[in-house]
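*Asks:* I'd like to ask you about the structure that follows.
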Amino acid sequence: MDGMVRPWRSALYIPASRERALEKAKSLPADAILFDLEDAVAPDEKPAARRLLAETLAAGGYGERACLSRINALDTPWGEDDLATLADARPAAILLPKVNGAADVEALARRLDARAGTAETRIWAMMETPLSVIHAAAIAAAPRMAGFVIGTNDLAKELGARQRPDRLPLMAALQTFLLAARAFGLVCIDGVYNAFRDAEGLRAECEQGRDLGMDGKSLIHPDQIPVANEVFAPTDDELDLARRQIAAFEEAAAEGRGVAVVDGRIVENLHVAAAQATLAKAAAIARLAAR
Ligand code: COA
Ligand code: MG
């Protein structure tokens with residue numbers, strides 16, 4: 001699906017130490033898998049988990065799902081070994097935790113440049129520290145960058161913020177991440193919803209993230225996937241409106257007018273571009289579902 005629009009509605013974390021969960025993910029309808037060697041894997045389990053992940057990536061079987069591997073930070077005892085072990089499996093994407101500035105991304109990019117098999121590997125940054133907020137634009141502009149995954153748990157902890165349903169204490173950070181991602185053409189995936197049995201709470205938070213402009217939600221449990229997939233997909237009403245906007249604009253253009261009116265609202269070039277993006281996203285989702 002490279003080169004085409006790819007949906008990023010649901011990105012499921014899987015601890016790389018859990019063989020059964022790694023297997024199960026091959027049949028789950030997540031748009032992306034976030035294989036984790038960092039915080040979901042205990043220190044004692046890390047060496048075995050990184051070997052299992054390298055084997056799992058090399059064997060494949062994840063179809064059209066985007067595969068991101070979250071390594072430990074390079075200044076921890078595990079980061080360099082994670083990278084060395086994964087490099088042989090030609091990872092499509094490395095998710096780097098606790099990024100504080102462009103230098104962290106550049107350090108990883110240099111290592112990828114120096115290795116065989118990682119010429120195409122893209123870098124994703126976990127945005128979860130106060131410095132990542134302050135340096136968001138420079139991080140987004142760094143080499144190999146493809147997207148942000150927001151780490152709201154770490155960020156709330158670092159800020160001393162309370163976790164509230166309205167996420168007001170995190171809003172400045174969430175919007176700064178989005179601004180930087182959009183300014184540099186990156187994907188932006190929202191943080192996790194911890195109460196994984198609470199589907200209604202998850203739905204509300206997905207809707208909030210969608211309304212802000214997020215591409216999708218990072219998830220911790222398979223049960224969360226259908227909610228995120230639904231909330232971050234265009235609705236039938238949105239698709240209907242998009243088609244009518246495009247048709248009305250074409251009709252207006254054929255008559256030499258630069259604007260159209262649909263449902264009492266003005267439709268200009270930019271609305272048509274947004275309508276086309278909505279249709280393209282729906283088509284990409286349909287292609288994914290057909291496999
Ligand atoms: N990915 C894939 N499969 C998962 C999964 C995940 N993140 N979480 C649970 N499953 C599987 C379980 O293996 C189980 O499969 P089975 O029925 O074939 O055995 C099934 O889903 C149901 O799991 P359940 O019993 O409801 O949950 P649990 O108690 O096993 O696990 C968590 C709950 C939260 C511990 C677990 O979901 C988890 O580890 N999530 C990821 C945490 C993570 O990666 N955090 C780091 C980023 S915040
Ligand atoms: Mg974190």
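Residue numbering restarts at 1 for every chain of the structure tokens, chains are lettered A, B, ... in their displayed order, and ligands are numbered from 1 as they appear.
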Can you tell me which residues surround Ala119 of chain A at a distance of at most 10 Å, considering only C-alpha atoms, apart from same-chain residues fewer than 5 positions away, and format the answer as a ChimeraX atom specification?
*Replies:* /A:90-92,109,112-114,144
*Asks:* Quick one: write out the picked residues with C-alpha atoms as a PDB file, in the first residue's frame?
*Replies:*
```pdb
ATOM      1  CA  ARG A  90      14.898  -5.165   7.608  1.00  0.00           C
ATOM      2  CA  PRO A  91      12.317  -3.379   9.776  1.00  0.00           C
ATOM      3  CA  ALA A  92       9.974  -1.053   7.880  1.00  0.00           C
ATOM      4  CA  ALA A 109      19.224   7.759  11.500  1.00  0.00           C
ATOM      5  CA  LEU A 112      20.384   3.044  10.175  1.00  0.00           C
ATOM      6  CA  ASP A 113      22.523   4.707   7.468  1.00  0.00           C
ATOM      7  CA  ALA A 114      25.541   2.691   8.591  1.00  0.00           C
ATOM      8  CA  ARG A 144      13.683   9.561   7.999  1.00  0.00           C
TER       9      ARG A 144
END
```
*Asks:* Could you produce a table of the residues of chain A lying within 9 Å of ligand 2, with the nearest pair of atoms per residue and their separation in Å rounded to one decimal, using only C-alpha atoms and all ligand atoms, ordered by chain and increasing residue number, as JSON lines?
*Replies:*
```
{"residue": "A:Glu38", "atom": "CA", "partner": "ligand 2", "partner_atom_place_in_ligand_line": "1 (Mg)", "distance": 8.0}
{"residue": "A:Asp39", "atom": "CA", "partner": "ligand 2", "partner_atom_place_in_ligand_line": "1 (Mg)", "distance": 6.7}
{"residue": "A:Pro97", "atom": "CA", "partner": "ligand 2", "partner_atom_place_in_ligand_line": "1 (Mg)", "distance": 6.4}
{"residue": "A:Lys98", "atom": "CA", "partner": "ligand 2", "partner_atom_place_in_ligand_line": "1 (Mg)", "distance": 6.6}
{"residue": "A:Met126", "atom": "CA", "partner": "ligand 2", "partner_atom_place_in_ligand_line": "1 (Mg)", "distance": 7.1}
{"residue": "A:Met127", "atom": "CA", "partner": "ligand 2", "partner_atom_place_in_ligand_line": "1 (Mg)", "distance": 8.3}
{"residue": "A:Glu128", "atom": "CA", "partner": "ligand 2", "partner_atom_place_in_ligand_line": "1 (Mg)", "distance": 6.3}
{"residue": "A:Thr129", "atom": "CA", "partner": "ligand 2", "partner_atom_place_in_ligand_line": "1 (Mg)", "distance": 8.7}
{"residue": "A:Ile150", "atom": "CA", "partner": "ligand 2", "partner_atom_place_in_ligand_line": "1 (Mg)", "distance": 8.5}
{"residue": "A:Gly151", "atom": "CA", "partner": "ligand 2", "partner_atom_place_in_ligand_line": "1 (Mg)", "distance": 5.2}
{"residue": "A:Thr152", "atom": "CA", "partner": "ligand 2", "partner_atom_place_in_ligand_line": "1 (Mg)", "distance": 7.7}
{"residue": "A:Asn153", "atom": "CA", "partner": "ligand 2", "partner_atom_place_in_ligand_line": "1 (Mg)", "distance": 6.6}
{"residue": "A:Asp154", "atom": "CA", "partner": "ligand 2", "partner_atom_place_in_ligand_line": "1 (Mg)", "distance": 5.0}
{"residue": "A:Leu155", "atom": "CA", "partner": "ligand 2", "partner_atom_place_in_ligand_line": "1 (Mg)", "distance": 7.9}
```
*Asks:* Please produce a file of the residues just selected, as a PDB file, in the first residue's frame, where the atoms kept are N, CA, C and O atoms.
*Replies:*
```pdb
ATOM      1  N   GLU A  38       9.970  -1.877  24.684  1.00  0.00           N
ATOM      2  CA  GLU A  38      10.260  -0.899  25.742  1.00  0.00           C
ATOM      3  C   GLU A  38       9.455  -1.174  27.010  1.00  0.00           C
ATOM      4  O   GLU A  38       9.608  -2.218  27.639  1.00  0.00           O
ATOM      5  N   ASP A  39       8.523  -0.300  27.335  1.00  0.00           N
ATOM      6  CA  ASP A  39       7.939  -0.345  28.677  1.00  0.00           C
ATOM      7  C   ASP A  39       7.044  -1.548  28.959  1.00  0.00           C
ATOM      8  O   ASP A  39       6.827  -1.887  30.124  1.00  0.00           O
ATOM      9  N   PRO A  97      11.402   5.701  21.479  1.00  0.00           N
ATOM     10  CA  PRO A  97      10.721   6.278  22.641  1.00  0.00           C
ATOM     11  C   PRO A  97      11.456   7.490  23.203  1.00  0.00           C
ATOM     12  O   PRO A  97      12.639   7.700  22.912  1.00  0.00           O
ATOM     13  N   LYS A  98      10.743   8.269  24.030  1.00  0.00           N
ATOM     14  CA  LYS A  98      11.331   9.350  24.830  1.00  0.00           C
ATOM     15  C   LYS A  98      12.212  10.279  23.998  1.00  0.00           C
ATOM     16  O   LYS A  98      13.301  10.663  24.424  1.00  0.00           O
ATOM     17  N   MET A 126       8.139   8.632  19.546  1.00  0.00           N
ATOM     18  CA  MET A 126       7.205   8.733  20.670  1.00  0.00           C
ATOM     19  C   MET A 126       7.319  10.150  21.196  1.00  0.00           C
ATOM     20  O   MET A 126       8.406  10.604  21.595  1.00  0.00           O
ATOM     21  N   MET A 127       6.190  10.857  21.209  1.00  0.00           N
ATOM     22  CA  MET A 127       6.165  12.235  21.707  1.00  0.00           C
ATOM     23  C   MET A 127       5.565  12.168  23.103  1.00  0.00           C
ATOM     24  O   MET A 127       4.342  11.987  23.263  1.00  0.00           O
ATOM     25  N   GLU A 128       6.406  12.249  24.132  1.00  0.00           N
ATOM     26  CA  GLU A 128       5.939  11.935  25.486  1.00  0.00           C
ATOM     27  C   GLU A 128       6.736  12.622  26.576  1.00  0.00           C
ATOM     28  O   GLU A 128       6.569  12.306  27.744  1.00  0.00           O
ATOM     29  N   THR A 129       7.612  13.542  26.213  1.00  0.00           N
ATOM     30  CA  THR A 129       8.368  14.291  27.222  1.00  0.00           C
ATOM     31  C   THR A 129       8.113  15.786  27.032  1.00  0.00           C
ATOM     32  O   THR A 129       7.750  16.226  25.936  1.00  0.00           O
ATOM     33  N   ILE A 150       1.858   9.574  20.078  1.00  0.00           N
ATOM     34  CA  ILE A 150       1.845  10.372  21.291  1.00  0.00           C
ATOM     35  C   ILE A 150       1.750   9.464  22.516  1.00  0.00           C
ATOM     36  O   ILE A 150       0.954   8.519  22.538  1.00  0.00           O
ATOM     37  N   GLY A 151       2.603   9.751  23.502  1.00  0.00           N
ATOM     38  CA  GLY A 151       2.615   8.953  24.732  1.00  0.00           C
ATOM     39  C   GLY A 151       2.009   9.762  25.867  1.00  0.00           C
ATOM     40  O   GLY A 151       2.710  10.444  26.616  1.00  0.00           O
ATOM     41  N   THR A 152       0.700   9.672  25.979  1.00  0.00           N
ATOM     42  CA  THR A 152       0.009  10.537  26.936  1.00  0.00           C
ATOM     43  C   THR A 152       0.257  10.114  28.392  1.00  0.00           C
ATOM     44  O   THR A 152       0.221  10.954  29.286  1.00  0.00           O
ATOM     45  N   ASN A 153       0.505   8.834  28.627  1.00  0.00           N
ATOM     46  CA  ASN A 153       0.777   8.419  30.010  1.00  0.00           C
ATOM     47  C   ASN A 153       2.085   9.009  30.524  1.00  0.00           C
ATOM     48  O   ASN A 153       2.138   9.581  31.612  1.00  0.00           O
ATOM     49  N   ASP A 154       3.140   8.867  29.726  1.00  0.00           N
ATOM     50  CA  ASP A 154       4.424   9.437  30.138  1.00  0.00           C
ATOM     51  C   ASP A 154       4.329  10.954  30.252  1.00  0.00           C
ATOM     52  O   ASP A 154       4.874  11.548  31.183  1.00  0.00           O
ATOM     53  N   LEU A 155       3.644  11.566  29.299  1.00  0.00           N
ATOM     54  CA  LEU A 155       3.563  13.029  29.304  1.00  0.00           C
ATOM     55  C   LEU A 155       2.837  13.538  30.544  1.00  0.00           C
ATOM     56  O   LEU A 155       3.304  14.470  31.214  1.00  0.00           O
TER      57      LEU A 155
END
```
*Asks:* Between A:Ala248, A:Ile33, A:Cys206, A:Met145, which is the closest to ligand 1 once you count only C-alpha atoms and all ligand atoms?
*Replies:*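 Of A:Ala248, A:Ile33, A:Cys206, A:Met145, the one nearest ligand 1, counting only C-alpha atoms and all ligand atoms, is A:Ile33.
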*Asks:* Of the residues A:Phe196, A:Trp124, A:Trp8, A:Phe232, which is the one nearest to ligand 1, using only C-alpha atoms and all ligand atoms?
*Replies:*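 The answer is A:Phe196, which sits nearest to ligand 1.
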*Asks:* Rounded to one decimal, what separation in Å do you get between atom CA of Ser69 of chain A and atom CA of Ala93 of chain A?
*Replies:*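 Computing the Euclidean distance for atom CA of Ser69 of chain A and atom CA of Ala93 of chain A yields 6.3 Å.
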*Asks:* Can I get the residues close to ligand 1 as an MDAnalysis selection string, where close means within 9 Å and we count only C-alpha atoms and all ligand atoms?
*Replies:* chainID A and resid 12:16 18:25 28 33:41 151 153 191:197 218:223
